[in-house]
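Chemist: The following file, coords.cif, comprises mmCIF, C-alpha atoms:
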```cif
data_my_file
#
loop_
_atom_site.label_atom_id
_atom_site.label_comp_id
_atom_site.auth_asym_id
_atom_site.auth_seq_id
_atom_site.Cartn_x
_atom_site.Cartn_y
_atom_site.Cartn_z
CA MET A 1 96.35 51.09 89.95
CA ALA A 2 98.29 54.36 89.93
CA LYS A 3 95.99 57.35 90.39
CA TYR A 4 97.87 60.19 88.67
CA ARG A 5 100.51 58.43 86.56
CA HIS A 6 98.96 59.59 83.30
CA ASN A 7 97.96 63.08 84.46
CA LEU A 8 100.25 64.61 87.07
CA PRO A 9 98.18 67.31 88.79
CA GLN A 10 101.17 69.50 89.70
CA ILE A 11 101.77 70.21 86.02
CA ASN A 12 98.64 72.33 85.63
CA THR A 13 96.80 72.77 88.92
CA GLY A 14 98.52 75.19 91.25
CA ASP A 15 101.05 74.93 94.03
CA PHE A 16 102.31 71.78 95.72
CA LEU A 17 104.29 71.20 98.87
CA SER A 18 106.76 68.45 99.65
CA ASP A 19 108.59 67.52 102.83
CA GLY A 20 111.92 68.76 104.20
CA GLY A 21 115.16 67.05 105.10
CA LEU A 22 114.05 63.55 106.03
CA GLU A 23 117.43 62.10 106.95
CA THR A 24 118.74 65.16 108.79
CA THR A 25 115.51 65.41 110.77
CA LEU A 26 115.68 61.75 111.81
CA VAL A 27 119.37 61.92 112.73
CA PHE A 28 119.66 65.32 114.42
CA HIS A 29 116.15 65.94 115.77
CA ARG A 30 114.94 62.41 116.47
CA GLY A 31 118.30 60.90 117.46
CA ILE A 32 118.00 57.94 115.09
CA ASP A 33 121.21 56.36 113.87
CA LEU A 34 120.74 55.94 110.11
CA ALA A 35 123.38 53.56 108.81
CA ALA A 36 124.71 54.84 105.47
CA PHE A 37 122.35 57.83 105.91
CA ALA A 38 119.55 55.56 104.67
CA ALA A 39 115.97 55.93 105.89
CA PHE A 40 114.41 53.05 103.98
CA PRO A 41 115.23 50.32 106.57
CA LEU A 42 112.80 52.06 108.94
CA LEU A 43 110.00 50.59 106.85
CA ASP A 44 110.89 47.13 108.14
CA ASN A 45 109.82 47.62 111.76
CA ALA A 46 106.84 49.14 113.52
CA ALA A 47 108.84 51.73 115.47
CA GLY A 48 110.54 52.91 112.28
CA ARG A 49 107.26 53.23 110.42
CA GLU A 50 105.84 55.22 113.32
CA GLU A 51 108.76 57.64 113.10
CA LEU A 52 108.25 58.03 109.36
CA THR A 53 104.51 58.58 109.80
CA THR A 54 105.07 61.27 112.41
CA TYR A 55 107.56 62.94 110.09
CA TYR A 56 105.35 62.90 106.99
CA GLU A 57 102.16 63.89 108.77
CA THR A 58 103.81 67.06 110.08
CA TYR A 59 104.18 68.26 106.47
CA LEU A 60 100.85 66.89 105.31
CA ALA A 61 99.22 69.03 108.00
CA ILE A 62 101.00 72.15 106.73
CA ALA A 63 99.78 71.38 103.19
CA ARG A 64 96.26 70.86 104.51
CA ASP A 65 96.28 74.16 106.37
CA HIS A 66 97.43 76.01 103.25
CA ARG A 67 95.07 74.06 100.97
CA LEU A 68 97.96 72.75 98.88
CA GLY A 69 98.54 69.55 96.99
CA PHE A 70 101.43 67.41 98.16
CA ILE A 71 104.23 65.40 96.56
CA LEU A 72 104.60 62.44 98.94
CA ASP A 73 108.02 60.81 98.61
CA THR A 74 109.03 57.26 99.34
CA PRO A 75 111.96 57.13 101.81
CA THR A 76 114.03 55.30 99.18
CA TRP A 77 116.79 57.77 98.26
CA ARG A 78 119.35 55.11 99.23
CA ALA A 79 117.34 52.03 98.22
CA ASN A 80 119.47 51.03 95.24
CA ALA A 81 121.66 47.96 94.78
CA ASP A 82 124.96 49.34 96.10
CA TRP A 83 123.62 50.97 99.23
CA GLY A 84 121.15 48.15 99.83
CA LEU A 85 123.93 45.57 99.78
CA GLN A 86 125.82 47.54 102.42
CA LEU A 87 122.75 47.36 104.62
CA GLY A 88 122.09 43.64 104.14
CA TYR A 89 119.40 43.75 101.43
CA ASP A 90 119.79 41.39 98.51
CA ARG A 91 118.21 42.20 95.17
CA GLU A 92 114.85 40.55 95.83
CA ALA A 93 114.54 42.05 99.31
CA LEU A 94 115.33 45.48 97.91
CA ARG A 95 112.80 45.11 95.11
CA ALA A 96 110.11 44.14 97.62
CA LEU A 97 111.01 47.06 99.87
CA ASN A 98 110.73 49.62 97.05
CA ILE A 99 107.28 48.30 96.18
CA ARG A 100 106.32 48.22 99.85
CA SER A 101 107.48 51.81 100.30
CA VAL A 102 104.80 52.95 97.86
CA ALA A 103 102.14 50.88 99.61
CA TYR A 104 103.16 52.62 102.84
CA ILE A 105 102.77 56.16 101.50
CA GLU A 106 99.57 55.18 99.69
CA LYS A 107 98.01 54.47 103.08
CA LEU A 108 98.96 58.00 104.14
CA ARG A 109 97.35 59.37 100.99
CA ARG A 110 94.09 57.62 101.80
CA LEU A 111 94.04 59.37 105.18
CA TRP A 112 95.04 62.85 104.04
CA GLU A 113 93.95 63.45 100.45
CA ARG A 114 90.90 65.54 99.63
CA PRO A 115 89.46 66.41 96.18
CA SER A 116 90.96 69.90 96.29
CA ARG A 117 94.30 68.68 97.70
CA PRO A 118 95.72 65.90 95.49
CA ILE A 119 98.60 63.86 96.87
CA VAL A 120 101.03 62.46 94.30
CA LEU A 121 102.96 59.29 95.19
CA ASN A 122 106.59 59.85 94.25
CA GLY A 123 109.10 57.01 93.94
CA VAL A 124 112.46 58.49 94.89
CA ILE A 125 115.70 57.36 93.24
CA GLY A 126 118.97 58.76 94.55
CA PRO A 127 122.45 58.68 93.08
CA ARG A 128 124.36 55.43 92.90
CA GLY A 129 127.20 56.96 94.89
CA ASP A 130 127.61 60.02 97.09
CA GLY A 131 125.35 62.89 96.11
CA TYR A 132 128.11 65.35 96.99
CA LYS A 133 130.80 63.68 94.86
CA ASP A 134 130.86 63.27 91.09
CA GLY A 135 129.60 59.81 90.12
CA ASN A 136 130.41 60.34 86.44
CA MET A 137 128.12 57.55 85.18
CA GLU A 138 127.62 56.97 81.49
CA PRO A 139 123.96 57.09 80.39
CA GLN A 140 123.70 53.43 79.38
CA ALA A 141 125.33 52.21 82.59
CA ALA A 142 123.02 54.46 84.60
CA GLU A 143 119.94 53.22 82.74
CA ASP A 144 120.92 49.59 83.31
CA TYR A 145 121.68 50.19 86.98
CA HIS A 146 118.66 52.29 87.98
CA ALA A 147 116.11 50.36 85.88
CA PHE A 148 115.82 47.88 88.75
CA GLN A 149 114.40 50.48 91.14
CA ALA A 150 112.36 52.22 88.43
CA GLU A 151 110.73 48.93 87.44
CA ALA A 152 109.82 48.23 91.05
CA PHE A 153 108.02 51.57 91.21
CA ALA A 154 106.26 50.82 87.93
CA GLU A 155 104.83 47.67 89.52
CA SER A 156 103.46 49.70 92.42
CA GLU A 157 100.90 52.50 92.70
CA ALA A 158 103.58 55.17 92.33
CA ASP A 159 102.45 58.07 90.17
CA MET A 160 105.93 59.24 89.20
CA ILE A 161 109.65 58.81 89.69
CA SER A 162 112.05 61.49 90.90
CA ALA A 163 115.80 61.38 90.42
CA ILE A 164 116.95 63.37 93.44
CA THR A 165 120.33 65.00 94.18
CA MET A 166 121.75 64.31 90.72
CA ASN A 167 125.27 65.65 90.34
CA ASN A 168 126.17 64.36 86.87
CA ILE A 169 124.33 64.45 83.59
CA GLY A 170 124.95 60.85 82.53
CA GLU A 171 123.21 59.44 85.59
CA ALA A 172 120.25 61.77 85.13
CA VAL A 173 119.95 60.77 81.48
CA GLY A 174 120.03 57.07 82.39
CA ILE A 175 117.24 57.39 84.95
CA VAL A 176 115.05 59.38 82.57
CA ARG A 177 115.59 56.79 79.84
CA ALA A 178 114.75 53.95 82.23
CA SER A 179 111.56 55.79 83.22
CA ARG A 180 110.61 56.42 79.60
CA ARG A 181 111.13 52.77 78.70
CA ILE A 182 108.62 51.64 81.32
CA GLY A 183 106.18 54.52 80.80
CA MET A 184 106.68 56.27 84.15
CA PRO A 185 106.58 60.07 84.45
CA CYS A 186 109.94 61.31 85.71
CA ILE A 187 111.45 64.48 87.09
CA VAL A 188 115.12 65.26 87.68
CA SER A 189 116.46 67.34 90.55
CA PHE A 190 120.05 68.49 90.23
CA THR A 191 122.29 69.63 93.07
CA VAL A 192 124.92 72.33 92.64
CA GLU A 193 127.95 73.67 94.47
CA THR A 194 128.26 77.18 95.89
CA ASP A 195 129.12 78.49 92.40
CA GLY A 196 125.86 77.24 90.94
CA ARG A 197 127.58 74.48 88.96
CA LEU A 198 127.51 70.72 89.28
CA VAL A 199 130.47 69.22 91.11
CA ASN A 200 132.16 68.41 87.77
CA GLY A 201 131.94 72.05 86.68
CA LYS A 202 128.98 71.71 84.33
CA THR A 203 126.49 74.56 84.49
CA LEU A 204 122.91 73.99 85.56
CA ARG A 205 121.88 75.15 82.11
CA ALA A 206 124.05 72.50 80.47
CA ALA A 207 122.70 69.82 82.82
CA ILE A 208 119.09 70.54 81.87
CA GLU A 209 119.63 71.15 78.18
CA GLU A 210 121.87 68.11 77.69
CA THR A 211 119.50 65.84 79.62
CA ASP A 212 116.58 67.07 77.53
CA ALA A 213 118.55 66.62 74.30
CA ALA A 214 119.54 63.05 75.21
CA THR A 215 116.02 62.00 76.25
CA GLY A 216 113.75 63.85 73.84
CA GLY A 217 112.69 66.18 76.64
CA TYR A 218 110.95 63.31 78.43
CA ALA A 219 111.35 64.67 81.97
CA ALA A 220 108.11 66.29 83.13
CA TYR A 221 110.14 69.09 84.71
CA TYR A 222 113.31 69.76 86.66
CA MET A 223 114.09 70.84 90.20
CA VAL A 224 117.07 72.02 92.23
CA ASN A 225 117.74 70.44 95.61
CA CYS A 226 120.39 70.10 98.32
CA ALA A 227 121.78 73.59 97.76
CA HIS A 228 121.01 76.95 99.34
CA PRO A 229 119.28 79.57 97.14
CA THR A 230 122.40 81.76 97.34
CA HIS A 231 124.22 78.99 95.46
CA PHE A 232 121.95 78.96 92.41
CA GLU A 233 120.12 82.32 92.30
CA GLN A 234 122.72 83.81 89.95
CA ALA A 235 122.59 80.80 87.63
CA LEU A 236 118.89 81.49 87.06
CA SER A 237 119.11 85.27 86.73
CA ARG A 238 119.83 85.71 83.02
CA GLY A 239 116.27 85.26 81.80
CA GLU A 240 117.13 82.29 79.58
CA SER A 241 114.45 79.93 78.33
CA TRP A 242 115.87 76.78 79.98
CA VAL A 243 114.91 78.15 83.40
CA LYS A 244 111.26 77.58 82.49
CA ARG A 245 111.94 73.84 82.74
CA ILE A 246 112.53 74.23 86.50
CA SER A 247 109.28 73.79 88.40
CA GLY A 248 110.45 73.13 91.94
CA ILE A 249 112.94 73.92 94.69
CA ARG A 250 114.06 71.83 97.64
CA ALA A 251 116.80 73.96 99.14
CA ASN A 252 119.14 73.30 102.03
CA ALA A 253 118.68 75.28 105.22
CA SER A 254 122.37 76.15 105.38
CA ALA A 255 124.44 78.27 103.00
CA LYS A 256 127.50 76.12 103.75
CA SER A 257 129.20 74.19 100.98
CA HIS A 258 128.68 70.45 100.59
CA GLN A 259 132.15 69.84 101.99
CA GLU A 260 131.43 71.99 105.04
CA LEU A 261 128.17 70.13 105.64
CA ASP A 262 129.95 66.79 105.30
CA ASP A 263 132.48 67.87 107.92
CA SER A 264 129.88 69.24 110.36
CA THR A 265 128.97 67.40 113.53
CA GLU A 266 126.07 69.73 114.31
CA LEU A 267 123.08 70.63 112.19
CA ASP A 268 122.99 74.13 110.70
CA ILE A 269 119.32 75.06 110.37
CA GLY A 270 120.06 78.49 108.92
CA ASP A 271 117.31 81.11 109.13
CA PRO A 272 113.83 79.82 108.23
CA LEU A 273 112.43 83.33 107.69
CA ASP A 274 115.28 84.28 105.36
CA LEU A 275 114.81 81.03 103.45
CA GLY A 276 111.12 81.79 103.05
CA ALA A 277 111.94 85.26 101.73
CA ARG A 278 114.38 83.79 99.21
CA TYR A 279 111.75 81.34 97.99
CA ARG A 280 109.30 84.22 97.61
CA ALA A 281 111.81 86.17 95.49
CA LEU A 282 112.48 83.14 93.31
CA ARG A 283 108.78 82.54 92.75
CA GLN A 284 108.21 86.17 91.86
CA ASN A 285 110.92 85.97 89.24
CA TYR A 286 110.13 82.42 88.06
CA PRO A 287 106.39 81.70 88.39
CA ALA A 288 106.81 78.18 87.01
CA MET A 289 108.33 77.10 90.35
CA ARG A 290 105.22 75.58 91.91
CA VAL A 291 106.65 72.65 93.89
CA LEU A 292 108.10 73.87 97.19
CA GLY A 293 110.02 71.75 99.67
CA GLY A 294 113.23 71.47 101.62
CA CYS A 295 116.35 69.36 101.81
CA CYS A 296 119.20 68.97 104.31
CA GLY A 297 118.67 70.83 107.57
CA THR A 298 115.11 71.90 106.82
CA ASP A 299 112.17 70.83 108.94
CA HIS A 300 108.56 71.87 109.50
CA ARG A 301 109.65 75.35 110.64
CA HIS A 302 111.26 76.05 107.28
CA LEU A 303 108.32 74.73 105.28
CA GLN A 304 105.91 76.76 107.38
CA ALA A 305 108.00 79.89 106.78
CA ILE A 306 108.14 79.12 103.04
CA CYS A 307 104.37 78.75 102.88
CA ASP A 308 103.81 81.91 104.90
CA ALA A 309 106.15 83.88 102.64
CA CYS A 310 104.99 82.51 99.30
CA LEU A 311 101.34 81.64 99.82
CA PRO A 312 99.88 83.82 102.59
CA ALA A 313 96.52 84.07 100.87
CA ALA A 314 96.15 80.30 100.93
CA ALA A 315 96.40 80.01 104.71
CA ALA A 316 93.30 78.80 106.48
#
```
So, in terms of structure tokens, how does the structure I just supplied come out?

Modeler:
Amino acid sequence: MAKYRHNLPQINTGDFLSDGGLETTLVFHRGIDLAAFAAFPLLDNAAGREELTTYYETYLAIARDHRLGFILDTPTWRANADWGLQLGYDREALRALNIRSVAYIEKLRRLWERPSRPIVLNGVIGPRGDGYKDGNMEPQAAEDYHAFQAEAFAESEADMISAITMNNIGEAVGIVRASRRIGMPCIVSFTVETDGRLVNGKTLRAAIEETDAATGGYAAYYMVNCAHPTHFEQALSRGESWVKRISGIRANASAKSHQELDDSTELDIGDPLDLGARYRALRQNYPAMRVLGGCCGTDHRHLQAICDACLPAAAA
């Protein structure tokens, strides 16, 4: 039985941490060859699970030391039908893996959760295509496509679903509708280009407002991920009411564009201290941003700097 599905603690009870850049950490720091940039196949062997456990526990320890709750993601950003087929997973195998991914992180929760530090199990859904390129899905097609993964999470102990690295509104709408149909809490995290807009030119404001309008405001909240704060700070700076719907940030370490990152053969980790300072400034201006994490290029150093900058009083 899901523990927090009907009462997500991060909505009302303080600050929460999440992890950093899972795939970039595994590839560039651990030397693991991730076919199709997919981490989920690691669940299918003991060595892979050990790598994932080491990765997650690094962040769980930071949350513990800062007395923070934690949003614990499944490593399933690529675990949809198209990417799964490329990696040799048929529909039934993929369904079983998505359910098994929640069972895996639930075991971590049992080890790390304390009454004052809730850990929310988050079923991650990524884009059907490339997160850096416009997928341009229509809402109904997106709902039909992503319902498969959403329904698998609904059968598990997952507390919520997150649509991560969304770059078009139609796909976000479809995932929210699929989540609503099965009664799962859902959040949407959009990614933007260096100009603060989605890859198709839509503003972040339009993405949030149009998704809310098409779904009756069902999403619990929104986030921004896979972009550096310098890419979206200006988009948030006008004091408009839609910004209050954003409750989390998972920024990239690098200020490079998506195209530059795609073309890079080395990891740009940016400046962890500068990133922490930028998070602090965002939180001062937008107190609703309570979920703090990282994306491409970030690791435990960045999350530690973010915590030190934003939450020094919480340190043990």

Chemist: What's the 10 Å shell around A:Asp212, counting only C-alpha atoms, without same-chain residues fewer than 3 positions away, as a PDB file with C-alpha atoms, in the frame of the given file?

Modeler:
```
ATOM      1  CA  ALA A 172     120.250  61.770  85.130  1.00  0.00           C
ATOM      2  CA  VAL A 173     119.950  60.770  81.480  1.00  0.00           C
ATOM      3  CA  VAL A 176     115.050  59.380  82.570  1.00  0.00           C
ATOM      4  CA  ALA A 206     124.050  72.500  80.470  1.00  0.00           C
ATOM      5  CA  ALA A 207     122.700  69.820  82.820  1.00  0.00           C
ATOM      6  CA  ILE A 208     119.090  70.540  81.870  1.00  0.00           C
ATOM      7  CA  GLU A 209     119.630  71.150  78.180  1.00  0.00           C
ATOM      8  CA  THR A 215     116.020  62.000  76.250  1.00  0.00           C
ATOM      9  CA  GLY A 216     113.750  63.850  73.840  1.00  0.00           C
ATOM     10  CA  GLY A 217     112.690  66.180  76.640  1.00  0.00           C
ATOM     11  CA  TYR A 218     110.950  63.310  78.430  1.00  0.00           C
ATOM     12  CA  ALA A 219     111.350  64.670  81.970  1.00  0.00           C
ATOM     13  CA  TYR A 221     110.140  69.090  84.710  1.00  0.00           C
ATOM     14  CA  ARG A 245     111.940  73.840  82.740  1.00  0.00           C
TER      15      ARG A 245
END
```

Chemist: In Å, how far is it from atom CA of A:Gln10 to atom CA of A:Lys244?

Modeler: 14.8 Å

Chemist: I would like the residues chosen by the PyMOL selection byres ((chain A and resi 31-46) around 10) on the shown file; could you give them as a VMD selection string?

Modeler: chain A and resid 22 to 30 47 to 52 74 to 79 83 to 84 86 to 89 94 97 to 98 100 to 101 104

Chemist: Leaving out A:Asp271 and any residue of its chain fewer than 3 positions from it, which residues lie within 9 Å of it when counting all atoms listed in the file, given as a VMD selection string?

Modeler: chain A and resid 253 to 254 274 to 276 302

Chemist: Evaluated on this file, the PyMOL selection byres ((chain A and resi 11) around 10) picks out some residues - which ones are they, written as a ChimeraX atom specification?

Modeler: /A:7-10,12-16,220-221,247,288,290-291

Chemist: So what do you get for atom CA of A:Ser179 versus atom CA of A:Ala214, distance-wise?

Modeler: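 Distance reported for this atom pair: 13.4 Å.
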
Chemist: Report, in Å to a single decimal, how far apart atom CA of A:Ala63 and atom CA of A:Ile119 are.

Modeler: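 Going from atom CA of A:Ile119 over to atom CA of A:Ala63 covers 9.9 Å.
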
Chemist: Specify as number ranges by chain each residue included when the PyMOL selection byres ((chain A and resi 295) around 7) is applied to this file.

Modeler: A: 20-21, 225-226, 250-252, 294, 296-298

Chemist: I need the residues from that last selection saved to file as an mmCIF file, in the coordinates of the input (with C-alpha atoms), if you can.

Modeler:
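Contents of again-v5.cif, freshly written:
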```cif
data_model
loop_
_atom_site.group_PDB
_atom_site.id
_atom_site.type_symbol
_atom_site.label_atom_id
_atom_site.label_comp_id
_atom_site.auth_asym_id
_atom_site.auth_seq_id
_atom_site.Cartn_x
_atom_site.Cartn_y
_atom_site.Cartn_z
ATOM 1 C CA GLY A 20 111.920 68.760 104.200
ATOM 2 C CA GLY A 21 115.160 67.050 105.100
ATOM 3 C CA ASN A 225 117.740 70.440 95.610
ATOM 4 C CA CYS A 226 120.390 70.100 98.320
ATOM 5 C CA ARG A 250 114.060 71.830 97.640
ATOM 6 C CA ALA A 251 116.800 73.960 99.140
ATOM 7 C CA ASN A 252 119.140 73.300 102.030
ATOM 8 C CA GLY A 294 113.230 71.470 101.620
ATOM 9 C CA CYS A 296 119.200 68.970 104.310
ATOM 10 C CA GLY A 297 118.670 70.830 107.570
ATOM 11 C CA THR A 298 115.110 71.900 106.820
#
```

Chemist: Around all the atoms of stretch 293-312 of chain A listed in the file, with 8 Å of room on each side, what axis-aligned box do you get, giving centre and edge lengths in Å to one decimal, as AutoDock Vina command-line options?

Modeler:
```
--center_x 109.5 --center_y 76.4 --center_z 105.0 --size_x 35.3 --size_y 30.9 --size_z 27.3
```

Chemist: Would you mind listing what lies within 10 Å of A:Arg205 as number ranges by chain, with all atoms listed in the file counted and same-chain residues fewer than 2 positions away left out?

Modeler: A: 196-197, 202-203, 207-211, 235-236, 240-243

Chemist: Generate the coordinates of N, CA and C atoms for stretch 201-215 of chain A; report them as a compact mmCIF listing (two decimals), in the coordinates of the input.

Modeler:
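Contents of the output file selection.txt:
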```txt
# COMPACT_ATOMS: atom_id res chain seq x y z
N GLY A 201 131.75 70.78 87.36
CA GLY A 201 131.94 72.05 86.68
C GLY A 201 130.89 72.39 85.65
N LYS A 202 130.04 71.45 85.30
CA LYS A 202 128.98 71.71 84.33
C LYS A 202 127.98 72.73 84.90
N THR A 203 127.49 73.60 84.04
CA THR A 203 126.49 74.56 84.49
C THR A 203 125.13 73.87 84.65
N LEU A 204 124.27 74.49 85.41
CA LEU A 204 122.91 73.99 85.56
C LEU A 204 122.19 74.03 84.22
N ARG A 205 122.46 75.07 83.45
CA ARG A 205 121.88 75.15 82.11
C ARG A 205 122.30 73.94 81.27
N ALA A 206 123.58 73.63 81.26
CA ALA A 206 124.05 72.50 80.47
C ALA A 206 123.42 71.20 80.95
N ALA A 207 123.27 71.04 82.27
CA ALA A 207 122.70 69.82 82.82
C ALA A 207 121.28 69.61 82.30
N ILE A 208 120.48 70.66 82.31
CA ILE A 208 119.09 70.54 81.87
C ILE A 208 119.01 70.39 80.36
N GLU A 209 119.72 71.21 79.64
CA GLU A 209 119.63 71.15 78.18
C GLU A 209 120.19 69.84 77.63
N GLU A 210 121.29 69.36 78.19
CA GLU A 210 121.87 68.11 77.69
C GLU A 210 121.02 66.90 78.07
N THR A 211 120.41 66.94 79.25
CA THR A 211 119.50 65.84 79.62
C THR A 211 118.29 65.83 78.71
N ASP A 212 117.71 66.99 78.45
CA ASP A 212 116.58 67.07 77.53
C ASP A 212 116.97 66.58 76.13
N ALA A 213 118.13 67.00 75.65
CA ALA A 213 118.55 66.62 74.30
C ALA A 213 118.75 65.11 74.18
N ALA A 214 119.24 64.49 75.25
CA ALA A 214 119.54 63.05 75.21
C ALA A 214 118.32 62.19 75.46
N THR A 215 117.21 62.78 75.88
CA THR A 215 116.02 62.00 76.25
C THR A 215 114.76 62.46 75.52
```
